[in-house]
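Dropping input.txt in here (compact mmCIF, C-alpha atoms):
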# COMPACT_ATOMS: atom_id res chain seq x y z
CA MET W 1 3.41 33.89 19.15
CA ILE W 2 0.81 32.96 16.55
CA ARG W 3 -0.17 34.84 13.42
CA VAL W 4 -3.11 34.87 11.06
CA GLN W 5 -2.47 33.24 7.69
CA ALA W 6 -5.92 33.68 6.15
CA VAL W 7 -9.44 34.79 7.09
CA ALA W 8 -12.58 33.26 5.64
CA PRO W 9 -15.24 35.61 4.26
CA ASP W 10 -18.51 35.91 6.19
CA SER W 11 -16.80 34.83 9.40
CA LEU W 12 -16.30 36.53 12.74
CA GLY W 13 -12.64 37.10 11.87
CA ALA W 14 -13.67 38.91 8.69
CA ALA W 15 -16.18 41.02 10.63
CA LEU W 16 -13.37 42.05 12.98
CA LYS W 17 -11.24 42.91 9.93
CA LEU W 18 -8.43 40.60 11.01
CA SER W 19 -5.93 40.26 8.17
CA PRO W 20 -3.03 37.97 7.30
CA GLY W 21 0.00 38.82 9.40
CA THR W 22 -2.03 39.90 12.42
CA GLU W 23 -0.42 38.65 15.65
CA LEU W 24 -2.88 37.03 18.05
CA LEU W 25 -1.49 37.95 21.46
CA ALA W 26 -3.95 36.99 24.18
CA VAL W 27 -7.50 35.92 25.03
CA ASP W 28 -8.93 37.21 28.33
CA GLY W 29 -5.41 38.23 29.32
CA ARG W 30 -3.94 34.78 28.72
CA ALA W 31 -1.06 34.72 26.26
CA LEU W 32 -1.61 32.58 23.16
CA GLU W 33 1.16 30.06 22.55
CA ASP W 34 -0.23 28.06 19.64
CA PHE W 35 -3.33 26.73 17.86
CA LEU W 36 -4.50 24.83 20.92
CA ASP W 37 -4.79 28.01 22.99
CA TRP W 38 -6.52 29.73 20.11
CA GLU W 39 -9.10 26.99 19.60
CA PHE W 40 -9.87 26.36 23.25
CA LEU W 41 -9.83 29.94 24.54
CA THR W 42 -11.97 31.35 21.73
CA ALA W 43 -14.62 28.65 22.13
CA ASP W 44 -16.57 30.75 24.66
CA GLU W 45 -19.45 33.00 23.66
CA HIS W 46 -17.77 36.04 25.18
CA PHE W 47 -14.05 36.85 25.37
CA ILE W 48 -11.54 39.69 25.04
CA LEU W 49 -9.11 39.30 22.14
CA HIS W 50 -5.84 41.21 22.13
CA VAL W 51 -4.02 41.45 18.77
CA LYS W 52 -1.29 43.38 17.01
CA SER W 53 -2.05 44.44 13.45
CA PRO W 54 0.52 44.05 10.64
CA ALA W 55 1.11 47.80 11.01
CA GLY W 56 2.09 47.33 14.66
CA GLU W 57 -1.10 48.70 16.25
CA GLU W 58 -2.32 46.82 19.33
CA ILE W 59 -6.08 46.38 19.46
CA GLU W 60 -8.48 44.79 21.94
CA TYR W 61 -11.81 43.37 20.80
CA ASP W 62 -14.66 42.69 23.21
CA ILE W 63 -16.25 39.79 21.37
CA GLU W 64 -19.78 38.42 21.71
CA ARG W 65 -19.69 35.35 19.54
CA PRO W 66 -23.04 34.31 18.04
CA GLU W 67 -23.75 30.63 18.52
CA GLY W 68 -22.43 28.58 15.60
CA MET W 69 -20.56 31.46 13.98
CA PRO W 70 -17.01 30.37 13.10
CA MET W 71 -13.99 32.52 13.83
CA GLY W 72 -12.86 31.67 10.29
CA VAL W 73 -9.20 32.28 11.07
CA THR W 74 -6.49 30.04 9.63
CA LEU W 75 -3.23 30.26 11.56
CA GLU W 76 0.29 30.08 10.22
CA PRO W 77 1.68 26.54 10.65
CA PRO W 78 2.96 25.91 14.17
CA ARG W 79 6.54 25.20 15.04
CA ILE W 80 6.68 21.42 15.40
CA ARG W 81 8.04 19.88 18.58
CA ARG W 82 11.09 17.89 17.49
CA CYS W 83 11.97 14.39 18.61
CA ALA W 84 14.79 14.06 21.13
CA ASN W 85 15.13 10.31 20.63
CA HIS W 86 17.54 8.56 18.26
CA CYS W 87 15.84 5.25 17.51
CA ASP W 88 17.89 2.92 15.32
CA PHE W 89 14.69 2.08 13.45
CA CYS W 90 13.58 5.69 12.88
CA PHE W 91 12.00 5.83 9.42
CA VAL W 92 12.95 9.48 8.96
CA ASP W 93 16.61 8.59 9.48
CA GLY W 94 16.11 6.00 6.74
CA ASN W 95 15.30 8.63 4.14
CA PRO W 96 17.62 8.91 1.15
CA LYS W 97 19.65 12.10 0.76
CA ALA W 98 18.65 15.21 -1.18
CA MET W 99 14.91 15.11 -0.45
CA ARG W 100 12.96 18.24 0.55
CA ALA W 101 13.76 19.50 4.05
CA PRO W 102 10.40 18.78 5.77
CA LEU W 103 10.86 15.05 5.13
CA TYR W 104 13.78 15.03 7.57
CA ILE W 105 11.80 16.52 10.45
CA ARG W 106 11.35 14.02 13.26
CA ASP W 107 8.27 15.22 15.12
CA ASP W 108 7.35 14.13 18.62
CA ASP W 109 4.50 16.51 19.35
CA TYR W 110 1.58 15.72 21.65
CA ARG W 111 -0.46 18.45 19.93
CA LEU W 112 -0.22 16.62 16.60
CA SER W 113 -1.02 13.40 18.43
CA PHE W 114 -4.32 14.88 19.59
CA ARG W 115 -5.13 16.62 16.33
CA TYR W 116 -4.04 14.05 13.73
CA GLY W 117 -3.40 10.80 15.60
CA ASN W 118 0.40 11.01 15.23
CA PHE W 119 2.24 8.79 17.67
CA ALA W 120 4.37 10.57 20.29
CA THR W 121 6.74 9.08 22.86
CA LEU W 122 5.97 11.63 25.64
CA THR W 123 9.69 11.84 26.39
CA ASN W 124 9.92 15.60 25.84
CA LEU W 125 7.05 16.81 28.03
CA LYS W 126 7.68 19.66 30.43
CA PRO W 127 5.52 20.10 33.56
CA TRP W 128 3.48 22.82 31.83
CA ASP W 129 2.84 20.45 28.91
CA VAL W 130 1.38 17.92 31.32
CA GLU W 131 -0.89 20.53 32.90
CA ARG W 132 -1.98 21.77 29.50
CA ILE W 133 -2.87 18.26 28.31
CA VAL W 134 -5.03 17.81 31.39
CA GLU W 135 -6.59 21.30 31.30
CA TYR W 136 -7.59 21.03 27.65
CA ARG W 137 -8.59 17.36 28.00
CA LEU W 138 -6.38 16.30 25.09
CA SER W 139 -7.67 12.75 25.04
CA PRO W 140 -7.19 10.29 23.57
CA LEU W 141 -3.53 10.69 22.69
CA TYR W 142 -1.49 8.21 20.65
CA VAL W 143 1.67 7.00 22.35
CA SER W 144 4.64 4.98 21.10
CA VAL W 145 5.44 2.69 24.00
CA HIS W 146 7.61 0.04 22.26
CA ALA W 147 8.54 -1.47 25.64
CA THR W 148 7.46 -0.87 29.22
CA ASP W 149 10.73 -2.05 30.77
CA PRO W 150 12.62 1.25 31.37
CA THR W 151 16.00 -0.11 30.30
CA VAL W 152 14.71 -1.73 27.12
CA ARG W 153 12.68 1.34 26.19
CA ARG W 154 15.59 3.71 26.73
CA TRP W 155 17.76 1.44 24.59
CA LEU W 156 15.17 1.38 21.82
CA LEU W 157 14.76 5.16 21.93
CA ARG W 158 18.50 5.73 22.39
CA ASN W 159 17.48 8.18 25.09
CA PRO W 160 18.89 7.56 28.59
CA ASP W 161 16.69 10.36 29.97
CA ALA W 162 13.37 8.92 28.79
CA PRO W 163 10.99 8.79 31.77
CA GLU W 164 9.42 5.52 32.82
CA ILE W 165 6.37 5.16 30.63
CA VAL W 166 4.07 3.12 32.91
CA PRO W 167 4.06 5.63 35.82
CA GLN W 168 3.69 8.43 33.26
CA LEU W 169 0.65 6.83 31.65
CA ARG W 170 -0.83 5.92 35.04
CA ALA W 171 -0.53 9.53 36.25
CA PHE W 172 -2.28 10.79 33.13
CA GLY W 173 -4.98 8.15 33.49
CA GLU W 174 -5.70 9.23 37.05
CA ARG W 175 -6.43 12.69 35.65
CA GLY W 176 -8.73 11.46 32.91
CA ILE W 177 -6.40 11.21 29.90
CA LYS W 178 -6.61 8.04 27.79
CA PHE W 179 -4.32 6.59 25.14
CA HIS W 180 -4.06 4.41 22.08
CA ALA W 181 -0.64 2.74 22.25
CA GLN W 182 1.68 1.12 19.75
CA VAL W 183 4.62 -1.26 19.95
CA VAL W 184 6.96 -1.25 16.95
CA LEU W 185 8.34 -4.78 16.96
CA VAL W 186 12.15 -4.92 16.79
CA PRO W 187 13.31 -8.55 16.58
CA GLY W 188 15.56 -9.62 19.43
CA VAL W 189 14.82 -6.52 21.50
CA ASN W 190 11.17 -6.02 22.41
CA ASP W 191 9.61 -9.23 21.11
CA GLY W 192 9.10 -12.54 22.91
CA THR W 193 9.07 -12.20 26.69
CA GLU W 194 9.50 -8.43 26.51
CA LEU W 195 6.45 -8.09 24.29
CA GLY W 196 4.44 -10.17 26.75
CA ARG W 197 5.62 -7.99 29.62
CA SER W 198 4.76 -4.78 27.78
CA LEU W 199 1.28 -5.95 26.87
CA GLY W 200 0.72 -7.13 30.43
CA ASP W 201 1.82 -3.80 31.92
CA LEU W 202 -0.41 -1.86 29.53
CA TYR W 203 -3.36 -4.17 30.17
CA ALA W 204 -2.97 -3.53 33.90
CA LEU W 205 -3.55 0.19 33.29
CA ARG W 206 -7.14 -0.70 32.44
CA GLU W 207 -9.29 2.14 30.97
CA THR W 208 -6.26 4.37 30.49
CA ILE W 209 -5.13 2.29 27.50
CA LEU W 210 -7.94 2.11 24.97
CA SER W 211 -6.08 -0.12 22.53
CA VAL W 212 -2.62 -1.43 21.66
CA SER W 213 -1.26 -2.18 18.21
CA VAL W 214 1.80 -4.28 17.43
CA VAL W 215 3.47 -3.21 14.19
CA PRO W 216 6.49 -4.85 12.54
CA VAL W 217 9.44 -2.52 12.16
CA ALA W 218 9.77 -1.04 8.66
CA LEU W 219 13.24 -0.41 7.29
CA THR W 220 14.29 1.35 4.11
CA GLU W 221 17.31 0.64 1.95
CA PHE W 222 19.05 3.43 3.89
CA SER W 223 18.18 2.31 7.44
CA LYS W 224 20.69 1.04 10.00
CA HIS W 225 20.55 -2.59 8.96
CA HIS W 226 23.68 -3.39 10.98
CA LEU W 227 21.69 -2.53 14.12
CA VAL W 228 18.12 -3.56 13.26
CA ARG W 229 16.80 -6.37 11.11
CA GLN W 230 13.45 -7.00 9.48
CA PRO W 231 11.29 -9.55 11.34
CA THR W 232 11.02 -12.99 9.80
CA ALA W 233 7.75 -14.82 9.20
CA ASP W 234 8.43 -16.82 12.38
CA ASP W 235 9.01 -13.59 14.35
CA CYS W 236 5.68 -12.24 13.14
CA ARG W 237 3.82 -15.45 13.91
CA ALA W 238 5.25 -15.50 17.43
CA ALA W 239 4.20 -11.89 17.96
CA LEU W 240 0.70 -12.67 16.71
CA GLY W 241 0.56 -15.47 19.26
CA ARG W 242 1.20 -12.99 22.08
CA VAL W 243 -1.29 -10.54 20.58
CA GLY W 244 -3.87 -13.27 20.29
CA ASP W 245 -3.47 -14.33 23.92
CA PHE W 246 -4.15 -10.81 25.20
CA ALA W 247 -6.92 -10.22 22.67
CA ALA W 248 -8.69 -13.39 23.80
CA ARG W 249 -8.37 -12.38 27.44
CA ALA W 250 -9.64 -8.87 26.71
CA GLN W 251 -12.54 -10.23 24.71
CA VAL W 252 -13.70 -12.20 27.73
CA GLU W 253 -12.97 -9.57 30.39
CA ARG W 254 -13.71 -6.35 28.50
CA GLY W 255 -15.89 -7.35 25.59
CA PHE W 256 -13.50 -6.30 22.80
CA PRO W 257 -10.04 -7.47 21.66
CA TRP W 258 -8.05 -4.40 22.90
CA CYS W 259 -4.79 -5.73 21.42
CA TYR W 260 -4.35 -5.79 17.63
CA GLY W 261 -1.74 -6.82 15.12
CA ALA W 262 -1.17 -4.50 12.19
CA ASP W 263 -2.26 -5.85 8.80
CA ASP W 264 1.40 -6.05 7.83
CA LEU W 265 2.12 -8.31 10.80
CA TYR W 266 -0.43 -10.80 9.44
CA LEU W 267 0.87 -10.43 5.90
CA GLN W 268 4.48 -11.09 6.91
CA ALA W 269 3.38 -14.01 9.07
CA GLY W 270 1.36 -15.49 6.22
CA GLU W 271 -1.74 -15.54 8.40
CA PRO W 272 -5.31 -14.54 7.41
CA LEU W 273 -6.69 -11.23 8.63
CA PRO W 274 -9.41 -11.19 11.29
CA PRO W 275 -12.97 -10.27 10.19
CA ALA W 276 -14.08 -6.64 10.10
CA ALA W 277 -16.07 -6.97 13.33
CA TRP W 278 -12.83 -7.71 15.17
CA TYR W 279 -11.66 -4.11 14.72
CA GLY W 280 -14.66 -2.33 16.20
CA ASP W 281 -14.49 1.33 15.15
CA PHE W 282 -11.10 0.87 13.42
CA GLU W 283 -9.50 3.35 15.82
CA GLN W 284 -5.95 2.45 14.76
CA ARG W 285 -6.50 2.03 11.04
CA GLU W 286 -4.14 4.96 10.32
CA ASN W 287 -1.49 2.74 11.90
CA GLY W 288 -2.28 -0.06 9.45
CA VAL W 289 -4.58 -1.93 11.83
CA GLY W 290 -7.66 -3.23 10.01
CA ALA W 291 -7.01 -1.12 6.90
CA VAL W 292 -8.10 -3.89 4.52
CA ARG W 293 -11.27 -4.71 6.43
CA TYR W 294 -12.07 -1.00 6.67
CA LEU W 295 -11.91 -0.73 2.89
CA GLN W 296 -14.28 -3.65 2.56
CA THR W 297 -16.80 -2.15 4.99
CA ARG W 298 -16.68 1.19 3.17
CA ILE W 299 -17.32 -0.50 -0.17
CA ALA W 300 -20.15 -2.62 1.20
CA ALA W 301 -21.83 0.41 2.77
CA ALA W 302 -21.66 2.43 -0.45
CA ALA W 303 -22.51 -0.32 -2.93
CA GLY W 304 -25.86 1.21 -3.85
CA GLY W 305 -24.34 4.59 -4.65
CA LEU W 306 -21.47 3.44 -6.85
CA ARG W 307 -21.50 4.55 -10.44
CA ASP W 308 -22.31 2.22 -13.32
CA LEU W 309 -18.92 1.74 -15.01
CA ALA W 310 -19.72 -1.28 -17.13
CA GLY W 311 -16.97 -1.93 -19.66
CA LYS W 312 -14.51 0.51 -18.13
CA ARG W 313 -10.99 -0.68 -17.36
CA ILE W 314 -9.62 0.81 -14.16
CA GLY W 315 -6.09 0.44 -12.87
CA ILE W 316 -5.57 0.17 -9.11
CA VAL W 317 -2.01 1.25 -8.36
CA THR W 318 -0.69 0.22 -4.97
CA GLY W 319 2.29 -1.11 -3.05
CA ALA W 320 3.57 -4.66 -2.86
CA ALA W 321 2.07 -5.26 0.60
CA MET W 322 -1.51 -4.44 -0.29
CA ALA W 323 -1.51 -5.87 -3.83
CA PRO W 324 -2.09 -9.54 -2.87
CA LEU W 325 -5.14 -8.53 -0.83
CA MET W 326 -6.69 -6.35 -3.51
CA PRO W 327 -8.65 -9.08 -5.34
CA GLN W 328 -10.85 -9.76 -2.29
CA VAL W 329 -11.37 -6.00 -1.87
CA LEU W 330 -12.14 -5.38 -5.54
CA GLU W 331 -14.49 -8.30 -6.14
CA PRO W 332 -17.58 -6.62 -4.63
CA LEU W 333 -16.53 -3.33 -6.23
CA ALA W 334 -16.46 -4.94 -9.66
CA ALA W 335 -19.85 -6.54 -9.05
CA ALA W 336 -21.39 -3.22 -8.01
CA THR W 337 -19.91 -1.08 -10.82
CA GLY W 338 -19.43 -3.50 -13.71
CA ALA W 339 -15.89 -2.18 -14.19
CA ARG W 340 -12.87 -4.37 -14.83
CA PHE W 341 -10.14 -3.69 -12.28
CA GLU W 342 -6.45 -4.41 -12.77
CA VAL W 343 -4.06 -4.27 -9.82
CA LEU W 344 -0.66 -2.76 -10.53
CA SER W 345 1.81 -3.65 -7.79
CA LEU W 346 4.74 -1.22 -7.65
CA GLU W 347 8.19 -1.61 -6.13
CA ASN W 348 9.44 1.42 -4.25
CA SER W 349 12.27 2.87 -6.33
CA LEU W 350 13.02 5.58 -3.76
CA PHE W 351 13.25 3.73 -0.43
CA GLY W 352 13.97 0.24 -1.73
CA ALA W 353 11.96 -2.93 -2.23
CA SER W 354 11.59 -3.58 1.52
CA VAL W 355 9.27 -0.56 1.82
CA THR W 356 5.95 -1.87 0.56
CA THR W 357 3.56 0.83 1.83
CA ALA W 358 1.45 2.36 -0.93
CA GLY W 359 1.59 5.80 0.65
CA LEU W 360 5.38 5.98 0.34
CA LEU W 361 5.57 5.28 -3.39
CA PRO W 362 7.30 8.08 -5.34
CA GLY W 363 5.63 9.82 -8.25
CA ALA W 364 8.22 8.43 -10.66
CA ALA W 365 7.08 4.89 -9.87
CA PHE W 366 3.50 5.76 -10.81
CA ARG W 367 4.67 7.45 -13.99
CA ARG W 368 6.71 4.45 -15.11
CA ALA W 369 3.84 2.08 -14.43
CA LEU W 370 1.19 4.14 -16.22
CA GLN W 371 2.84 6.14 -19.00
CA HIS W 372 2.21 3.48 -21.66
CA ARG W 373 -1.17 2.25 -20.42
CA ALA W 374 -3.52 3.94 -22.86
CA ASP W 375 -5.77 0.91 -22.51
CA LEU W 376 -6.90 2.10 -19.06
CA ASP W 377 -9.93 4.37 -18.77
CA LEU W 378 -8.92 5.52 -15.29
CA ALA W 379 -6.19 4.94 -12.73
CA LEU W 380 -6.74 5.20 -8.98
CA LEU W 381 -3.71 6.19 -6.89
CA PRO W 382 -3.32 6.16 -3.10
CA ALA W 383 -3.99 9.67 -1.81
CA GLU W 384 -1.60 9.05 1.11
CA ALA W 385 1.21 9.21 -1.45
CA VAL W 386 0.87 13.01 -1.74
CA ASN W 387 1.07 15.77 0.85
CA ASP W 388 -1.26 18.75 1.26
CA ASP W 389 0.52 20.45 -1.66
CA LEU W 390 -0.09 17.39 -3.86
CA LEU W 391 3.59 16.51 -3.95
CA PHE W 392 4.78 12.91 -4.01
CA MET W 393 7.78 11.86 -1.90
CA ASP W 394 10.13 12.63 -4.81
CA ASP W 395 8.61 16.13 -5.31
CA LEU W 396 6.71 15.23 -8.48
CA ARG W 397 3.44 17.16 -8.52
CA ALA W 398 0.22 15.22 -8.95
CA ASP W 399 -0.99 17.54 -11.71
CA ASP W 400 2.32 17.14 -13.57
CA LEU W 401 1.95 13.38 -13.29
CA ALA W 402 -1.61 13.62 -14.62
CA ALA W 403 -0.44 15.68 -17.59
CA ALA W 404 2.14 13.03 -18.50
CA LEU W 405 -0.27 10.08 -18.51
CA PRO W 406 -2.61 8.83 -21.24
CA MET W 407 -5.52 8.26 -18.83
CA PRO W 408 -7.21 10.38 -16.16
CA ILE W 409 -6.17 9.67 -12.58
CA ARG W 410 -7.89 9.99 -9.24
CA LEU W 411 -6.44 10.12 -5.74
CA SER W 412 -8.51 7.95 -3.43
CA TYR W 413 -8.47 6.71 0.14
CA ASP W 414 -11.09 4.01 -0.15
CA PHE W 415 -12.35 3.73 -3.78
CA VAL W 416 -15.80 4.86 -2.70
CA ASP W 417 -14.73 8.51 -2.69
CA ALA W 418 -13.62 8.18 -6.33
CA LEU W 419 -16.29 5.92 -7.80
CA THR W 420 -19.58 7.24 -6.47
CA GLU W 421 -21.88 9.37 -8.60
CA GLY W 422 -20.79 12.53 -6.83
CA GLY W 423 -17.13 11.64 -6.86
CA MET W 424 -16.66 11.02 -10.57
CA GLY W 425 -17.16 14.52 -11.89
CA ASN W 426 -19.27 15.33 -14.94
CA SER W 427 -17.38 13.23 -17.45
CA GLU W 428 -18.25 9.59 -17.91
CA CYS W 429 -15.06 8.30 -16.38
CA GLY W 430 -12.49 10.98 -15.89
CA VAL W 431 -11.12 13.82 -13.87
CA ASP W 432 -10.64 17.45 -14.58
CA ASP W 433 -7.90 19.55 -13.04
CA SER W 434 -10.07 20.86 -10.22
CA GLU W 435 -10.89 17.32 -9.08
CA LEU W 436 -7.24 16.37 -9.07
CA ARG W 437 -6.33 19.36 -6.95
CA THR W 438 -8.80 18.26 -4.28
CA PRO W 439 -7.66 14.72 -3.47
CA HIS W 440 -10.56 12.64 -2.26
CA SER W 441 -8.05 10.19 -1.10
CA ALA W 442 -6.55 6.27 -1.33
CA PHE W 443 -6.34 2.76 -0.43
CA GLY W 444 -3.24 1.03 0.81
CA GLU W 445 -3.29 2.89 4.14
CA GLY W 446 -0.59 1.63 6.40
CA ALA W 447 -0.10 -1.55 4.43
For this file, write the structure as structure tokens.
Amino acid sequence: MIRVQAVAPDSLGAALKLSPGTELLAVDGRALEDFLDWEFLTADEHFILHVKSPAGEEIEYDIERPEGMPMGVTLEPPRIRRCANHCDFCFVDGNPKAMRAPLYIRDDDYRLSFRYGNFATLTNLKPWDVERIVEYRLSPLYVSVHATDPTVRRWLLRNPDAPEIVPQLRAFGERGIKFHAQVVLVPGVNDGTELGRSLGDLYALRETILSVSVVPVALTEFSKHHLVRQPTADDCRAALGRVGDFAARAQVERGFPWCYGADDLYLQAGEPLPPAAWYGDFEQRENGVGAVRYLQTRIAAAAGGLRDLAGKRIGIVTGAAMAPLMPQVLEPLAAATGARFEVLSLENSLFGASVTTAGLLPGAAFRRALQHRADLDLALLPAEAVNDDLLFMDDLRADDLAAALPMPIRLSYDFVDALTEGGMGNSECGVDDSELRTPHSAFGEGA
């Protein structure tokens, strides 16, 4: 069952007088299970919509939808498909205690994989899920493979019932569904020969696997360190060697690298990042693949539209992983704006020093770093560090943080969104409350 949460004015939903709390029961006699059914089944120009009003009245609408007119209906959040695996390296299981409840939800939902690029293991699919994926052409999906050997994969997932992933992916591929895959590298388990086997098996699936990323396992202070260890620099270099072999082969045979190491794999190995052209369309940048080069391409493309900030001192607050790479990112930004940038590298006081991702920094860490920095004209924070409600991991609100600091702050994904003429607001170098409440978003993605 799905219900209406809000209806936009001047939309088809408003014209039908749908209201919050209305149950959306069926389209053309087909029961609506979730947002996927709603979006796909109401895409036609003509359909019959069956609803139940908040008062309990059942109504059928015979709808002729004008071309381009939005339904304008926001649905209540769906029930998330939970993960049935028990990976020793699960980041959610590495959360400290007493955080807000949603942070302990382990999702493994193919719908979120299609919509947001979340990685799913495909271990909890029922036959009707498979048919639905094919019917709605939910492609590409993002899949956590980790290992193609069934025994090794089941051990990694701590799930003896996990289906064999290669036949599963092959069957989907035969029906037109494609995937971006990832391997989270767990030293001593799926590295070395096993990594080579996994990459080989995925490569053999040809067009079905659009890309593969190899990402070093990330552990918090609260993870199961007695069962999983962080990779060493040598581990990361060895993994990059395997990645490089397959990338070179793919470059010759397919015209693009296909297999990519995450930025963090290069950082931990002490190796330089590939050039921006290596990453093509940056299809796995949300997984930390090519995040630095993506920032550089965004800055280069927007250089002419960046605001003149000559003499302004701007703090760039990020995690320990991205901080060493920031100077090469900021150099062209400084040249284009005239601003002086200072990188503030923060240690994660919530998850521990081993967690170096900018997006996982708690609000308290930003507050400590900035509360006495009246010399800064502006501070840019990674927008990935807040959720849709503008809450940091430790529940500090972004507007409360802003009120406690001596300088204005901006949430940014790529600097460009915060430093262009349109992104700076009306003040010379500041933010008002409305700007803060609409995060334009940050750097440090996946690093």
**OP:** Compare W:Gly196, W:Pro382, W:Pro54, W:Pro257 by their minimum atom-to-atom distance to W:Leu411, counting all atoms listed in the file, and give me the closest one.
**Re:** W:Pro382
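Picture a line from atom CA of W:Gly241 to atom CA of W:Gly290; it runs 17.4 Å.
Ranking W:Val343, W:Ile105, W:Met393, W:Leu240 by their shortest atom-to-atom distance to W:Gly363, with all atoms listed in the file included, puts W:Met393 first.
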Could you name the residues that touch W:Gly94 at 10 Å or less, counting only C-alpha atoms, but leaving out those on the same chain fewer than 5 positions away, as a PDB file with C-alpha atoms, in the frame of the given file?
ATOM      1  CA  ASP W  88      17.890   2.920  15.320  1.00  0.00           C
ATOM      2  CA  PHE W  89      14.690   2.080  13.450  1.00  0.00           C
ATOM      3  CA  TYR W 104      13.780  15.030   7.570  1.00  0.00           C
ATOM      4  CA  ALA W 218       9.770  -1.040   8.660  1.00  0.00           C
ATOM      5  CA  LEU W 219      13.240  -0.410   7.290  1.00  0.00           C
ATOM      6  CA  THR W 220      14.290   1.350   4.110  1.00  0.00           C
ATOM      7  CA  GLU W 221      17.310   0.640   1.950  1.00  0.00           C
ATOM      8  CA  PHE W 222      19.050   3.430   3.890  1.00  0.00           C
ATOM      9  CA  SER W 223      18.180   2.310   7.440  1.00  0.00           C
ATOM     10  CA  LYS W 224      20.690   1.040  10.000  1.00  0.00           C
ATOM     11  CA  HIS W 225      20.550  -2.590   8.960  1.00  0.00           C
ATOM     12  CA  PHE W 351      13.250   3.730  -0.430  1.00  0.00           C
TER      13      PHE W 351
END
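Going from atom CA of W:Val214 over to atom CA of W:Leu195, you cover 9.1 Å.
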Subject >> W:Tyr260 surroundings by all atoms listed in the file, 10 Å radius, close-in-sequence under 4 positions cut, as number ranges by chain >> reply: W: 182, 211-215, 240, 243-244, 246-247, 265, 274, 278-279, 284, 289-290
Subject >> atom CA of W:Leu156 to atom CA of W:Ala238, straight-line distance in Å >> reply: 20.1 Å
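For the residues W:Leu419, W:Leu295, W:Val228, W:Cys90, ranking by smallest atom-to-atom distance to W:Asp308 using all atoms listed in the file places W:Leu419 first.
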Select from stretch 283-313 of chain W every residue with an atom at most 10 Å from any atom of stretch 334-341 of chain W, then for each give the shortest pair of atoms and their distance in Å to one decimal, using only C-alpha atoms, rows by chain and rising number, as JSON lines.
{"residue": "W:Ile299", "atom": "CA", "partner": "W:Ala336", "partner_atom": "CA", "distance": 9.2}
{"residue": "W:Ala300", "atom": "CA", "partner": "W:Ala336", "partner_atom": "CA", "distance": 9.3}
{"residue": "W:Ala302", "atom": "CA", "partner": "W:Ala336", "partner_atom": "CA", "distance": 9.4}
{"residue": "W:Ala303", "atom": "CA", "partner": "W:Ala336", "partner_atom": "CA", "distance": 6.0}
{"residue": "W:Gly304", "atom": "CA", "partner": "W:Ala336", "partner_atom": "CA", "distance": 7.5}
{"residue": "W:Gly305", "atom": "CA", "partner": "W:Ala336", "partner_atom": "CA", "distance": 9.0}
{"residue": "W:Leu306", "atom": "CA", "partner": "W:Thr337", "partner_atom": "CA", "distance": 6.2}
{"residue": "W:Arg307", "atom": "CA", "partner": "W:Thr337", "partner_atom": "CA", "distance": 5.9}
{"residue": "W:Asp308", "atom": "CA", "partner": "W:Thr337", "partner_atom": "CA", "distance": 4.8}
{"residue": "W:Leu309", "atom": "CA", "partner": "W:Ala339", "partner_atom": "CA", "distance": 5.0}
{"residue": "W:Ala310", "atom": "CA", "partner": "W:Gly338", "partner_atom": "CA", "distance": 4.1}
{"residue": "W:Gly311", "atom": "CA", "partner": "W:Ala339", "partner_atom": "CA", "distance": 5.6}
{"residue": "W:Lys312", "atom": "CA", "partner": "W:Ala339", "partner_atom": "CA", "distance": 5.0}
{"residue": "W:Arg313", "atom": "CA", "partner": "W:Arg340", "partner_atom": "CA", "distance": 4.9}
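Distances here use all atoms listed in the file; by that measure, the residue among W:Val145, W:Glu271, W:His50, W:Ala277 closest to W:Ala31 is W:His50.
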Subject >> Answer as a ChimeraX atom specification, residues within 9 Å of (-2.2, 3.9, 17.8) using all atoms listed in the file >> reply: /W:117-119,141-144,179-183,211-213,283-287,289
Produce a file of the selected residues containing C-alpha atoms, as an mmCIF file, in the coordinates of the input.
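Contents of selection_22.cif, as written:
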data_model
loop_
_atom_site.group_PDB
_atom_site.id
_atom_site.type_symbol
_atom_site.label_atom_id
_atom_site.label_comp_id
_atom_site.auth_asym_id
_atom_site.auth_seq_id
_atom_site.Cartn_x
_atom_site.Cartn_y
_atom_site.Cartn_z
ATOM 1 C CA GLY W 117 -3.400 10.800 15.600
ATOM 2 C CA ASN W 118 0.400 11.010 15.230
ATOM 3 C CA PHE W 119 2.240 8.790 17.670
ATOM 4 C CA LEU W 141 -3.530 10.690 22.690
ATOM 5 C CA TYR W 142 -1.490 8.210 20.650
ATOM 6 C CA VAL W 143 1.670 7.000 22.350
ATOM 7 C CA SER W 144 4.640 4.980 21.100
ATOM 8 C CA PHE W 179 -4.320 6.590 25.140
ATOM 9 C CA HIS W 180 -4.060 4.410 22.080
ATOM 10 C CA ALA W 181 -0.640 2.740 22.250
ATOM 11 C CA GLN W 182 1.680 1.120 19.750
ATOM 12 C CA VAL W 183 4.620 -1.260 19.950
ATOM 13 C CA SER W 211 -6.080 -0.120 22.530
ATOM 14 C CA VAL W 212 -2.620 -1.430 21.660
ATOM 15 C CA SER W 213 -1.260 -2.180 18.210
ATOM 16 C CA GLU W 283 -9.500 3.350 15.820
ATOM 17 C CA GLN W 284 -5.950 2.450 14.760
ATOM 18 C CA ARG W 285 -6.500 2.030 11.040
ATOM 19 C CA GLU W 286 -4.140 4.960 10.320
ATOM 20 C CA ASN W 287 -1.490 2.740 11.900
ATOM 21 C CA VAL W 289 -4.580 -1.930 11.830
#
Original post:
Within 12 Å of W:Arg367, counting only C-alpha atoms, which residues qualify if same-chain residues fewer than 6 places away don't, as a ChimeraX atom specification?
Top reply: /W:317,346,349,361,373,379,381,392,394,396-407,409
